[in-house]
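Trainee: Below is the file target35.cif, with mmCIF, C-alpha atoms and all ligand atoms.
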```
data_input
loop_
_atom_site.label_atom_id
_atom_site.label_comp_id
_atom_site.auth_asym_id
_atom_site.auth_seq_id
_atom_site.Cartn_x
_atom_site.Cartn_y
_atom_site.Cartn_z
CA MET A 496 0.00 0.00 0.00
CA ALA A 497 1.37 3.39 -0.95
CA GLY A 498 2.01 5.82 1.89
CA HIS A 499 0.47 9.25 2.38
CA VAL A 500 3.07 11.48 3.98
CA SER A 501 2.23 14.57 5.96
CA ILE A 502 4.96 16.82 7.29
CA ARG A 503 3.72 19.19 9.99
CA ASP A 504 5.71 22.20 11.11
CA VAL A 505 9.05 20.42 10.97
CA SER A 506 12.05 22.50 12.07
CA ARG A 507 15.68 21.44 12.30
CA ARG A 508 18.57 23.55 13.53
CA PHE A 509 22.27 22.74 13.44
CA GLY A 510 23.67 24.98 16.17
CA ALA A 511 22.57 28.51 15.33
CA PHE A 512 21.76 27.57 11.70
CA THR A 513 18.17 26.80 10.75
CA ALA A 514 18.20 24.10 8.06
CA LEU A 515 14.42 23.59 8.10
CA ASP A 516 12.06 26.32 9.22
CA ALA A 517 8.53 25.12 10.09
CA VAL A 518 8.10 23.06 6.92
CA SER A 519 4.63 21.65 6.26
CA LEU A 520 3.61 19.64 3.22
CA ASP A 521 1.44 16.76 2.11
CA ILE A 522 2.50 14.03 -0.25
CA PRO A 523 -0.56 12.16 -1.52
CA ALA A 524 -0.29 8.36 -1.68
CA GLY A 525 1.00 7.09 -5.00
CA GLU A 526 2.45 10.38 -6.24
CA LEU A 527 5.96 11.02 -7.45
CA VAL A 528 6.95 14.28 -5.78
CA ALA A 529 10.16 16.17 -6.50
CA LEU A 530 11.87 18.14 -3.74
CA LEU A 531 13.60 20.84 -5.73
CA GLY A 532 15.78 23.71 -4.60
CA PRO A 533 19.26 25.19 -4.65
CA SER A 534 22.16 23.64 -2.79
CA GLY A 535 21.75 24.00 0.96
CA SER A 536 17.99 24.64 0.86
CA GLY A 537 17.30 21.69 3.19
CA LYS A 538 16.15 18.97 0.77
CA THR A 539 18.43 16.21 2.05
CA THR A 540 17.78 17.18 5.67
CA LEU A 541 14.04 16.80 5.09
CA LEU A 542 14.50 13.46 3.33
CA ARG A 543 16.68 12.15 6.16
CA ILE A 544 14.06 13.17 8.71
CA ILE A 545 11.33 11.34 6.77
CA ALA A 546 13.59 8.29 6.54
CA GLY A 547 14.34 8.34 10.29
CA LEU A 548 18.08 8.96 9.78
CA ASP A 549 17.75 12.38 11.46
CA PHE A 550 15.28 13.95 13.87
CA PRO A 551 13.37 17.24 13.83
CA ASP A 552 13.65 19.65 16.76
CA THR A 553 9.92 20.18 16.51
CA GLY A 554 7.11 18.92 14.29
CA GLN A 555 5.64 15.66 13.06
CA VAL A 556 6.20 13.20 10.23
CA LEU A 557 2.95 11.34 9.62
CA ILE A 558 2.89 8.30 7.35
CA ASN A 559 -0.67 7.14 6.69
CA GLY A 560 -1.78 9.28 9.62
CA GLU A 561 0.67 7.90 12.21
CA ASP A 562 3.50 9.92 13.68
CA ASN A 563 6.80 8.25 12.77
CA VAL A 564 9.28 10.54 14.53
CA ALA A 565 9.97 8.02 17.31
CA ARG A 566 10.12 5.03 14.93
CA HIS A 567 13.28 3.26 13.86
CA PRO A 568 14.04 3.65 10.12
CA ARG A 569 13.46 -0.08 9.59
CA GLU A 570 9.94 0.17 11.02
CA ARG A 571 8.90 2.96 8.68
CA GLY A 572 8.48 0.89 5.52
CA VAL A 573 10.76 3.21 3.60
CA GLY A 574 13.23 2.37 0.81
CA PHE A 575 16.18 4.64 -0.06
CA VAL A 576 18.30 5.25 -3.09
CA PHE A 577 21.06 7.78 -2.56
CA GLN A 578 23.63 9.03 -5.03
CA HIS A 579 26.48 7.83 -2.83
CA TYR A 580 24.71 5.00 -1.06
CA ALA A 581 27.09 2.42 -2.40
CA LEU A 582 26.20 -1.19 -3.02
CA PHE A 583 27.90 -3.83 -0.89
CA ARG A 584 31.06 -4.49 -2.88
CA HIS A 585 31.65 -8.02 -1.62
CA MET A 586 28.13 -9.14 -2.59
CA THR A 587 26.82 -10.00 -6.04
CA VAL A 588 23.98 -8.08 -7.62
CA ALA A 589 21.52 -10.75 -6.44
CA GLY A 590 23.07 -10.70 -2.95
CA ASN A 591 22.64 -6.95 -2.73
CA VAL A 592 18.98 -7.12 -3.72
CA ALA A 593 18.30 -9.97 -1.27
CA PHE A 594 20.01 -8.21 1.64
CA GLY A 595 17.02 -6.28 3.05
CA LEU A 596 14.97 -9.48 3.20
CA GLN A 597 17.72 -11.65 4.66
CA VAL A 598 18.34 -9.36 7.63
CA ARG A 599 14.70 -9.43 8.69
CA PRO A 600 13.96 -11.08 12.06
CA ARG A 601 13.27 -14.79 11.65
CA GLY A 602 9.48 -14.58 12.00
CA LEU A 603 9.22 -11.93 9.27
CA ARG A 604 11.86 -13.33 6.93
CA PRO A 605 10.58 -15.01 3.75
CA SER A 606 11.85 -18.52 2.99
CA LYS A 607 15.02 -18.96 0.91
CA ALA A 608 12.94 -19.96 -2.11
CA GLU A 609 10.70 -16.93 -1.70
CA ILE A 610 13.67 -14.59 -1.44
CA LYS A 611 15.21 -16.13 -4.57
CA ALA A 612 11.97 -15.70 -6.52
CA ARG A 613 11.53 -12.11 -5.32
CA VAL A 614 15.10 -11.18 -6.25
CA ALA A 615 14.65 -12.69 -9.72
CA ALA A 616 11.41 -10.75 -10.22
CA LEU A 617 13.02 -7.48 -9.09
CA LEU A 618 16.03 -7.96 -11.34
CA ASP A 619 13.65 -8.57 -14.23
CA LEU A 620 11.83 -5.37 -13.31
CA VAL A 621 15.05 -3.35 -13.52
CA GLN A 622 16.07 -5.39 -16.59
CA LEU A 623 19.26 -6.71 -15.04
CA GLY A 624 18.48 -10.41 -14.61
CA TRP A 625 21.44 -11.27 -16.83
CA LEU A 626 23.82 -9.55 -14.38
CA ALA A 627 22.64 -11.32 -11.19
CA ASP A 628 26.01 -12.96 -10.49
CA ARG A 629 28.21 -9.96 -11.21
CA TYR A 630 29.82 -7.78 -8.55
CA PRO A 631 29.17 -4.01 -8.33
CA SER A 632 32.65 -3.18 -9.66
CA GLU A 633 31.71 -4.99 -12.89
CA LEU A 634 28.70 -2.72 -13.57
CA SER A 635 28.25 0.69 -15.21
CA GLY A 636 27.09 3.63 -13.07
CA GLY A 637 23.55 3.42 -14.47
CA GLN A 638 23.37 -0.33 -13.84
CA ARG A 639 24.52 0.19 -10.24
CA GLN A 640 21.76 2.70 -9.60
CA ARG A 641 19.20 0.29 -11.03
CA VAL A 642 20.50 -2.41 -8.65
CA ALA A 643 20.22 0.11 -5.79
CA LEU A 644 16.63 0.73 -6.83
CA ALA A 645 15.85 -3.02 -6.93
CA ARG A 646 17.43 -3.34 -3.48
CA ALA A 647 15.26 -0.52 -2.14
CA LEU A 648 12.11 -2.07 -3.66
CA ALA A 649 12.86 -5.55 -2.22
CA ILE A 650 11.33 -4.73 1.16
CA GLU A 651 8.12 -3.57 -0.57
CA PRO A 652 8.30 -0.06 0.85
CA ARG A 653 5.23 2.16 0.99
CA LEU A 654 7.52 5.10 0.46
CA LEU A 655 10.59 5.38 -1.76
CA LEU A 656 13.08 8.15 -1.00
CA LEU A 657 15.53 9.06 -3.75
CA ASP A 658 18.32 11.59 -3.14
CA GLU A 659 19.85 12.71 -6.45
CA PRO A 660 19.85 9.05 -7.52
CA PHE A 661 21.14 9.80 -11.00
CA GLY A 662 23.25 12.83 -10.10
CA ALA A 663 26.58 11.22 -10.92
CA LEU A 664 25.53 9.90 -14.33
CA ASP A 665 25.92 11.52 -17.74
CA THR A 666 22.98 13.45 -19.17
CA LYS A 667 21.75 10.79 -21.59
CA VAL A 668 21.78 7.92 -19.07
CA ARG A 669 20.29 10.24 -16.47
CA LYS A 670 17.36 11.06 -18.75
CA GLU A 671 16.78 7.41 -19.65
CA LEU A 672 16.79 6.31 -16.02
CA GLY A 673 14.52 9.20 -15.09
CA GLN A 674 11.89 8.11 -17.63
CA TRP A 675 12.31 4.56 -16.57
CA LEU A 676 11.77 5.52 -12.89
CA ARG A 677 8.65 7.41 -13.95
CA ASN A 678 7.24 4.27 -15.62
CA LEU A 679 8.27 2.01 -12.76
CA HIS A 680 6.62 4.34 -10.28
CA HIS A 681 3.46 4.24 -12.37
CA ASP A 682 3.34 0.43 -12.24
CA GLN A 683 4.01 0.05 -8.48
CA ALA A 684 1.73 1.06 -5.61
CA ILE A 685 4.32 3.35 -4.12
CA THR A 686 4.80 6.96 -3.09
CA SER A 687 8.12 8.43 -4.21
CA LEU A 688 9.99 11.49 -3.07
CA LEU A 689 12.83 12.52 -5.35
CA VAL A 690 15.41 15.10 -4.27
CA THR A 691 16.95 16.99 -7.15
CA HIS A 692 18.46 20.37 -7.87
CA ASP A 693 17.81 19.87 -11.60
CA GLN A 694 14.65 21.78 -12.53
CA GLU A 695 14.33 19.99 -15.87
CA GLU A 696 14.34 16.59 -14.16
CA ALA A 697 11.67 17.78 -11.71
CA LEU A 698 9.49 19.28 -14.45
CA GLU A 699 9.70 16.13 -16.59
CA LEU A 700 9.22 13.46 -13.94
CA ALA A 701 7.19 14.74 -11.03
CA ASP A 702 3.43 14.77 -10.45
CA ARG A 703 4.06 17.60 -8.03
CA ILE A 704 7.03 19.80 -7.17
CA VAL A 705 7.95 21.15 -3.76
CA LEU A 706 10.30 24.07 -4.34
CA MET A 707 12.47 24.88 -1.33
CA SER A 708 14.69 27.81 -0.49
CA GLN A 709 16.62 28.47 2.72
CA GLY A 710 14.82 25.83 4.75
CA ARG A 711 11.35 26.94 3.69
CA VAL A 712 8.81 25.80 1.13
CA GLU A 713 8.49 28.49 -1.56
CA GLN A 714 5.69 26.82 -3.52
CA ILE A 715 4.02 23.44 -3.99
CA GLY A 716 2.19 22.56 -7.18
CA THR A 717 2.16 20.60 -10.41
CA PRO A 718 5.00 21.35 -12.83
CA ALA A 719 2.57 23.36 -14.99
CA GLU A 720 1.33 25.40 -12.02
CA LEU A 721 4.81 26.32 -10.90
CA TYR A 722 5.89 27.23 -14.40
CA THR A 723 2.86 29.28 -15.40
CA LYS A 724 1.84 30.68 -12.01
CA PRO A 725 5.00 31.12 -9.98
CA ALA A 726 4.32 32.57 -6.53
CA SER A 727 7.49 34.63 -6.48
CA PRO A 728 10.39 35.80 -8.65
CA PHE A 729 12.48 33.10 -6.98
CA VAL A 730 10.18 30.35 -8.31
CA LEU A 731 10.01 31.90 -11.78
CA GLU A 732 13.78 32.21 -12.07
CA PHE A 733 14.50 28.79 -10.61
CA LEU A 734 12.29 27.08 -13.21
CA GLY A 735 14.12 28.25 -16.30
CA GLU A 736 15.81 31.40 -17.44
CA ALA A 737 14.09 34.78 -17.38
CA ASN A 738 15.13 38.27 -18.43
CA ARG A 739 14.50 41.06 -15.99
CA ILE A 740 13.46 44.26 -17.69
CA ALA A 741 13.32 47.36 -15.53
CA GLY A 742 10.21 49.39 -16.33
CA VAL A 743 8.19 52.34 -15.16
CA VAL A 744 4.41 52.37 -15.16
CA GLY A 745 3.00 55.10 -17.36
CA GLU A 746 -0.50 56.40 -18.03
CA GLY A 747 -3.18 53.74 -18.54
CA GLY A 748 -1.01 51.08 -16.87
CA LEU A 749 1.34 50.91 -19.85
CA VAL A 750 4.86 49.92 -18.80
CA ARG A 751 7.80 51.70 -20.36
CA VAL A 752 11.37 50.44 -20.38
CA ALA A 753 13.38 52.42 -17.85
CA GLY A 754 15.83 54.71 -19.64
CA THR A 755 14.13 54.60 -23.06
CA GLY A 756 10.48 55.43 -22.46
CA ASP A 757 9.55 52.71 -24.97
CA ALA A 758 6.28 50.93 -24.26
CA VAL A 759 6.60 47.25 -23.44
CA ALA A 760 3.47 45.83 -21.96
CA GLN A 761 0.35 46.33 -19.99
CA SER A 762 -1.62 44.13 -17.66
CA ILE A 763 -3.86 41.54 -19.31
CA ASP A 764 -6.47 42.29 -16.70
CA PRO A 765 -7.51 45.90 -17.25
CA GLY A 766 -9.03 45.98 -13.76
CA HIS A 767 -5.60 45.45 -12.22
CA ALA A 768 -3.00 47.98 -13.16
CA LEU A 769 0.46 46.72 -12.33
CA ALA A 770 1.17 49.56 -10.00
CA ALA A 771 0.39 53.24 -9.74
CA ALA A 772 1.64 55.50 -12.55
CA GLY A 773 5.27 56.53 -12.04
CA GLN A 774 6.18 53.40 -10.05
CA ALA A 775 9.08 51.16 -10.98
CA VAL A 776 8.33 47.53 -11.86
CA THR A 777 10.43 44.59 -12.95
CA LEU A 778 9.14 42.59 -15.87
CA TYR A 779 10.21 38.96 -16.11
CA VAL A 780 10.31 37.65 -19.68
CA ARG A 781 11.43 34.16 -20.70
CA PRO A 782 14.02 34.15 -23.52
CA HIS A 783 11.62 32.40 -25.93
CA ASP A 784 9.01 35.11 -25.26
CA LEU A 785 11.38 37.85 -26.34
CA LEU A 786 11.12 38.27 -30.11
CA LEU A 787 13.56 40.26 -32.26
CA GLU A 788 13.13 42.09 -35.54
CA ALA A 789 16.12 43.61 -37.38
CA ARG A 790 15.45 47.36 -37.70
CA ALA A 791 17.95 50.13 -38.35
CA ASP A 792 16.14 52.34 -35.82
CA GLY A 793 15.74 49.55 -33.21
CA ALA A 794 16.45 50.43 -29.59
CA ALA A 795 18.39 47.22 -28.90
CA VAL A 796 21.84 46.26 -30.19
CA VAL A 797 22.82 42.62 -30.77
CA ARG A 798 25.83 41.68 -28.64
CA SER A 799 26.23 38.04 -29.64
CA VAL A 800 24.56 35.21 -31.54
CA LYS A 801 25.33 31.68 -30.35
CA VAL A 802 24.00 28.40 -31.65
CA ALA A 803 23.10 25.85 -28.93
CA GLY A 804 21.59 22.70 -30.41
CA ALA A 805 18.18 23.35 -31.96
CA PHE A 806 18.10 26.97 -30.76
CA ALA A 807 20.03 30.16 -31.28
CA LYS A 808 20.70 32.36 -28.27
CA ILE A 809 20.83 36.04 -29.10
CA GLU A 810 22.08 38.54 -26.53
CA VAL A 811 21.02 42.15 -26.94
CA VAL A 812 21.75 45.31 -25.00
CA LEU A 813 18.82 47.61 -24.32
CA ALA A 814 19.24 50.70 -22.15
CA ASP A 815 22.25 49.16 -20.35
CA GLN A 816 20.39 45.90 -19.71
CA VAL A 817 21.64 42.68 -21.29
CA LEU A 818 18.72 40.52 -22.42
CA THR A 819 18.65 37.05 -23.93
CA ALA A 820 16.31 35.88 -26.68
CA LEU A 821 15.94 32.30 -27.82
CA THR A 822 14.82 31.40 -31.31
CA PRO A 823 14.52 28.07 -33.14
CA LEU A 824 17.68 27.65 -35.21
CA HIS A 825 15.79 27.30 -38.49
CA ARG A 826 14.35 30.81 -38.01
CA LEU A 827 17.74 32.44 -37.46
CA PRO A 828 18.59 33.15 -41.14
CA SER A 829 15.28 34.96 -41.69
CA LEU A 830 15.95 37.29 -38.75
CA HIS A 831 19.00 38.85 -40.47
CA LEU A 832 20.70 39.51 -37.15
CA GLN A 833 24.38 39.53 -36.33
CA GLU A 834 26.70 41.15 -33.85
CA GLY A 835 26.14 44.89 -33.89
CA SER A 836 22.73 44.75 -35.64
CA ARG A 837 20.00 47.00 -34.32
CA ALA A 838 16.77 45.29 -33.38
CA ARG A 839 13.29 46.00 -32.22
CA LEU A 840 11.99 43.86 -29.36
CA VAL A 841 8.53 42.42 -29.01
CA VAL A 842 7.49 40.84 -25.72
CA ALA A 843 5.12 37.93 -26.32
CA GLN A 844 4.34 37.58 -22.63
CA GLY A 845 5.87 38.26 -19.29
CA MET A 846 5.13 38.62 -15.61
CA SER A 847 5.55 41.01 -12.81
CA PHE A 848 5.19 40.67 -9.06
CA PRO A 849 3.70 43.86 -7.72
CA THR A 850 4.52 44.53 -4.12
CA GLN A 851 1.38 46.56 -3.68
CA GLY A 852 -2.26 45.88 -4.42
CA ALA A 853 -3.53 42.40 -5.22
CA GLY A 854 -0.89 39.76 -4.50
CA GLY A 855 0.32 37.12 -6.90
CA SER A 856 1.59 37.56 -10.38
CA LEU A 857 0.02 39.47 -13.22
CA GLN A 858 0.36 38.43 -16.80
CA PHE A 859 0.81 41.01 -19.48
CA ALA A 860 -1.13 41.48 -22.66
CA ALA A 861 0.59 39.96 -25.63
CA PRO A 862 2.21 41.02 -27.76
CA ARG A 863 3.32 44.54 -26.84
CA SER A 864 6.24 45.83 -28.80
CA PHE A 865 8.90 48.32 -27.86
CA ALA A 866 8.14 51.52 -29.75
CA MET A 867 11.08 53.04 -31.55
CA ALA A 868 12.90 55.89 -29.86
N1 LIG B 901 24.96 17.63 10.25
C1 LIG B 901 24.98 18.93 9.94
N2 LIG B 901 25.62 19.84 10.70
C2 LIG B 901 25.61 21.16 10.40
N3 LIG B 901 24.99 21.68 9.33
C3 LIG B 901 24.34 20.83 8.52
C4 LIG B 901 24.29 19.41 8.77
N4 LIG B 901 23.56 18.84 7.79
C5 LIG B 901 23.17 19.83 6.96
N5 LIG B 901 23.62 21.03 7.40
C6 LIG B 901 23.39 22.33 6.77
O1 LIG B 901 22.01 22.48 6.53
C7 LIG B 901 21.77 23.11 5.26
C8 LIG B 901 20.85 22.23 4.43
O2 LIG B 901 21.56 21.08 4.02
P1 LIG B 901 20.92 19.97 3.06
O3 LIG B 901 21.93 18.91 2.87
O4 LIG B 901 19.60 19.60 3.59
O5 LIG B 901 20.74 20.81 1.72
P2 LIG B 901 20.33 20.33 0.27
O6 LIG B 901 19.19 21.21 -0.15
O7 LIG B 901 20.09 18.87 0.26
O8 LIG B 901 21.62 20.71 -0.55
P3 LIG B 901 22.39 19.91 -1.76
O9 LIG B 901 21.54 20.11 -2.99
O10 LIG B 901 23.69 20.65 -1.83
O11 LIG B 901 22.53 18.49 -1.34
C9 LIG B 901 23.13 23.33 4.63
O12 LIG B 901 23.51 24.69 4.83
C10 LIG B 901 24.05 22.40 5.40
O13 LIG B 901 25.36 22.94 5.48
#
```
Take the structure in this file and express it as structure tokens.

Mentor:
Amino acid sequence: MAGHVSIRDVSRRFGAFTALDAVSLDIPAGELVALLGPSGSGKTTLLRIIAGLDFPDTGQVLINGEDNVARHPRERGVGFVFQHYALFRHMTVAGNVAFGLQVRPRGLRPSKAEIKARVAALLDLVQLGWLADRYPSELSGGQRQRVALARALAIEPRLLLLDEPFGALDTKVRKELGQWLRNLHHDQAITSLLVTHDQEEALELADRIVLMSQGRVEQIGTPAELYTKPASPFVLEFLGEANRIAGVVGEGGLVRVAGTGDAVAQSIDPGHALAAAGQAVTLYVRPHDLLLEARADGAAVVRSVKVAGAFAKIEVVLADQVLTALTPLHRLPSLHLQEGSRARLVVAQGMSFPTQGAGGSLQFAAPRSFAMA
């Protein structure tokens, strides 16, 4: 049975440093949830507390409604896969997978035949049956992590905790294993919590993302919710690149680029001006929402054009601000842009986070172009 996890007001201090600050969150049974955040934001500390490898100063860890803080890790029904949680080197692949079952107290331990059958089934699941008799040193990094996963699943955990399980692997293998974990999770009645600092991995794999910063939860939501309705500039900038364009609100709620007076955007919702006229605002615009047109009288100057895979990255300077635009590579020739070209910018969409008035983010009408100076 998959576990429903509820973290209530969990705090953890190391000396004077607060690693977790009254964290509360719910992980519905059967979901794959990514704990995402920059280095040092408290992800591993939270995972260790859920696992029972560390203890909160205050707060509760409920699994299926029962407080687990006083429980031994082995009694929690939790499986772990850590980046550096090495396999037992002196045991074969099959021996490693069988380990969690063999160390069970006699009354709870399956028979030898049952253990053998379960190990074979798990190795089939991770598609490594043909390597059962090898030792860890004879496996690739990706194969080792799949063995670690089979080992974690052997005890039939209700909760699977994964701490950067693919962090040490190259990008291609990492992506393959990520998709494979996603499918595996789908087929098993299990709740999974995946720690990662890779936003792409979280967006691709998770049902829900918990974004942490400095020991606190910044936002919880589906990948789409976090991407399209970020609660703060921190969330927006963590989930992909964004240009910041300094603007000043003019008459009728129209925002003008600071230093040029060129109109950029206005609020989609006419009832909610971004801020009072004359106030400074920061517009956040994703590189693919910043469109460029070569124009001799354009207010922006192209600083560099770089090809990165299927996209071209174009840096422009506008009123002392360096902005990045991203365009599909096949469109680059038709843009007629090179270093030194003048360009006009069109903002397809962007966001701002007003500090006054109605909270939350406001989307801007699209498209609003920069008028020529
Ligand atoms: N045992 C400890 N003693 C003192 N400080 C600690 C201890 N464990 C963690 N910390 C501190 O708590 C903070 C959170 O650490 P944690 O490992 O949870 O971060 P993280 O989000 O998992 O980071 P990373 O992505 O780098 O693994 C860090 O500043 C870390 O230095």

Trainee: With all atoms listed in the file as the atoms that count, which of A:Ile740, A:Ala791, A:Leu644, A:Val598 lies nearest to Val812 of chain A?

Mentor: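 The answer is A:Ile740, which sits nearest to Val812 of chain A.
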
Trainee: Any chance you could tabulate, as JSON lines, the residues of chain A at most 7 Å from ligand LIG 901 (chain B) with each one's nearest atom pair and distance in Å to one decimal, using only C-alpha atoms and all ligand atoms, in chain and rising number order?

Mentor:
```
{"residue": "A:Phe509", "atom": "CA", "partner": "B:LIG901", "partner_atom": "C2", "distance": 4.8}
{"residue": "A:Ala514", "atom": "CA", "partner": "B:LIG901", "partner_atom": "O1", "distance": 4.4}
{"residue": "A:Gly532", "atom": "CA", "partner": "B:LIG901", "partner_atom": "O6", "distance": 6.1}
{"residue": "A:Pro533", "atom": "CA", "partner": "B:LIG901", "partner_atom": "O9", "distance": 5.8}
{"residue": "A:Ser534", "atom": "CA", "partner": "B:LIG901", "partner_atom": "O10", "distance": 3.5}
{"residue": "A:Gly535", "atom": "CA", "partner": "B:LIG901", "partner_atom": "O5", "distance": 3.4}
{"residue": "A:Ser536", "atom": "CA", "partner": "B:LIG901", "partner_atom": "O6", "distance": 3.8}
{"residue": "A:Gly537", "atom": "CA", "partner": "B:LIG901", "partner_atom": "O4", "distance": 3.1}
{"residue": "A:Lys538", "atom": "CA", "partner": "B:LIG901", "partner_atom": "O6", "distance": 3.9}
{"residue": "A:Thr539", "atom": "CA", "partner": "B:LIG901", "partner_atom": "O7", "distance": 3.6}
{"residue": "A:Thr540", "atom": "CA", "partner": "B:LIG901", "partner_atom": "O4", "distance": 3.7}
{"residue": "A:Leu541", "atom": "CA", "partner": "B:LIG901", "partner_atom": "O4", "distance": 6.4}
{"residue": "A:Thr691", "atom": "CA", "partner": "B:LIG901", "partner_atom": "O9", "distance": 6.9}
{"residue": "A:His692", "atom": "CA", "partner": "B:LIG901", "partner_atom": "O9", "distance": 5.8}
```

Trainee: How far is it from atom CA of Gly793 of chain A to atom CA of Pro828 of chain A, in Å with one decimal?

Mentor: 18.4 Å

Trainee: Return the single residue from A:Gly590, A:Gly498, A:Gly525, A:Gly636 that is closest to Val556 of chain A, with distances computed using all atoms listed in the file.

Mentor: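 Smallest distance to Val556 of chain A is found for A:Gly498.
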
Trainee: Name the residues in contact with Gly845 of chain A at a cut-off of 8 Å, using only C-alpha atoms, excluding same-chain residues fewer than 2 positions from it; report them as number ranges by chain.

Mentor: A: 778-781, 784, 842-843, 847, 858-859

Trainee: Need to verify the contact set: segment 665-679 of chain A, 8 Å, all atoms listed in the file, exclusion of same-chain residues closer than 4 positions in sequence. Can you return it as a list of chain:residue names?

Mentor: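 Counting only the stated atoms, we get A:Leu527, A:Gly637, A:Phe661, A:Gln683, A:Glu696, A:Leu700.
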
Trainee: Identify the residues around (24.2, 5.2, -7.7) within a radius of 9 Å, measuring from only C-alpha atoms in the coordinates stated by the file, and give them as JSON, numbers by chain.

Mentor: {"A": [576, 577, 578, 579, 580, 581, 582, 636, 637, 638, 639, 640, 641, 642, 643, 644, 659, 660, 661, 662, 663, 664]}

Trainee: Can you write just those residues out, C-alpha atoms, as a PDB file, keeping the file's coordinate frame?

Mentor:
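Generated output (selection_16.pdb):
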```pdb
ATOM      1  CA  VAL A 576      18.300   5.250  -3.090  1.00  0.00           C
ATOM      2  CA  PHE A 577      21.060   7.780  -2.560  1.00  0.00           C
ATOM      3  CA  GLN A 578      23.630   9.030  -5.030  1.00  0.00           C
ATOM      4  CA  HIS A 579      26.480   7.830  -2.830  1.00  0.00           C
ATOM      5  CA  TYR A 580      24.710   5.000  -1.060  1.00  0.00           C
ATOM      6  CA  ALA A 581      27.090   2.420  -2.400  1.00  0.00           C
ATOM      7  CA  LEU A 582      26.200  -1.190  -3.020  1.00  0.00           C
ATOM      8  CA  GLY A 636      27.090   3.630 -13.070  1.00  0.00           C
ATOM      9  CA  GLY A 637      23.550   3.420 -14.470  1.00  0.00           C
ATOM     10  CA  GLN A 638      23.370  -0.330 -13.840  1.00  0.00           C
ATOM     11  CA  ARG A 639      24.520   0.190 -10.240  1.00  0.00           C
ATOM     12  CA  GLN A 640      21.760   2.700  -9.600  1.00  0.00           C
ATOM     13  CA  ARG A 641      19.200   0.290 -11.030  1.00  0.00           C
ATOM     14  CA  VAL A 642      20.500  -2.410  -8.650  1.00  0.00           C
ATOM     15  CA  ALA A 643      20.220   0.110  -5.790  1.00  0.00           C
ATOM     16  CA  LEU A 644      16.630   0.730  -6.830  1.00  0.00           C
ATOM     17  CA  GLU A 659      19.850  12.710  -6.450  1.00  0.00           C
ATOM     18  CA  PRO A 660      19.850   9.050  -7.520  1.00  0.00           C
ATOM     19  CA  PHE A 661      21.140   9.800 -11.000  1.00  0.00           C
ATOM     20  CA  GLY A 662      23.250  12.830 -10.100  1.00  0.00           C
ATOM     21  CA  ALA A 663      26.580  11.220 -10.920  1.00  0.00           C
ATOM     22  CA  LEU A 664      25.530   9.900 -14.330  1.00  0.00           C
TER      23      LEU A 664
END
```

Trainee: So what do you get for atom CA of Ala546 of chain A versus atom CA of Pro523 of chain A, distance-wise?

Mentor: 16.7 Å

Trainee: So for segment 577-590 of chain A, what box centre and size do we get, axis-aligned, 6 Å extra on each of the six sides, every listed atom, Å to one decimal, as JSON?

Mentor:
```
{"center_x": 26.4, "center_y": -0.9, "center_z": -4.3, "size_x": 22.6, "size_y": 31.8, "size_z": 18.7}
```

Trainee: Can you tell me which residues surround Thr819 of chain A at a distance of at most 6 Å, considering all atoms listed in the file, apart from same-chain residues fewer than 6 positions away, and format the answer as a VMD selection string?

Mentor: chain A and resid 782 809 to 810

Trainee: With C-alpha atoms retained, could you export that selection as a PDB file, in the frame of the given file?

Mentor:
```pdb
ATOM      1  CA  PRO A 782      14.020  34.150 -23.520  1.00  0.00           C
ATOM      2  CA  ILE A 809      20.830  36.040 -29.100  1.00  0.00           C
ATOM      3  CA  GLU A 810      22.080  38.540 -26.530  1.00  0.00           C
TER       4      GLU A 810
END
```

Trainee: For segment 783-790 of chain A, supply N, CA and C atoms and report the output as a compact mmCIF listing (two decimals), keeping the file's coordinate frame.

Mentor:
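Below you can see out_7.txt, which holds the result:
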```txt
# COMPACT_ATOMS: atom_id res chain seq x y z
N HIS A 783 12.38 32.75 -24.71
CA HIS A 783 11.62 32.40 -25.93
C HIS A 783 10.41 33.32 -26.11
N ASP A 784 10.11 34.15 -25.11
CA ASP A 784 9.01 35.11 -25.26
C ASP A 784 9.51 36.50 -25.68
N LEU A 785 10.80 36.59 -25.89
CA LEU A 785 11.38 37.85 -26.34
C LEU A 785 11.71 37.70 -27.83
N LEU A 786 10.97 38.44 -28.66
CA LEU A 786 11.12 38.27 -30.11
C LEU A 786 11.89 39.46 -30.68
N LEU A 787 12.70 39.20 -31.70
CA LEU A 787 13.56 40.26 -32.26
C LEU A 787 13.24 40.48 -33.73
N GLU A 788 13.28 41.75 -34.12
CA GLU A 788 13.13 42.09 -35.54
C GLU A 788 14.27 43.04 -35.91
N ALA A 789 15.02 42.72 -36.96
CA ALA A 789 16.12 43.61 -37.38
C ALA A 789 15.51 44.92 -37.87
N ARG A 790 15.94 46.04 -37.28
CA ARG A 790 15.45 47.36 -37.70
C ARG A 790 16.55 48.37 -37.46
```
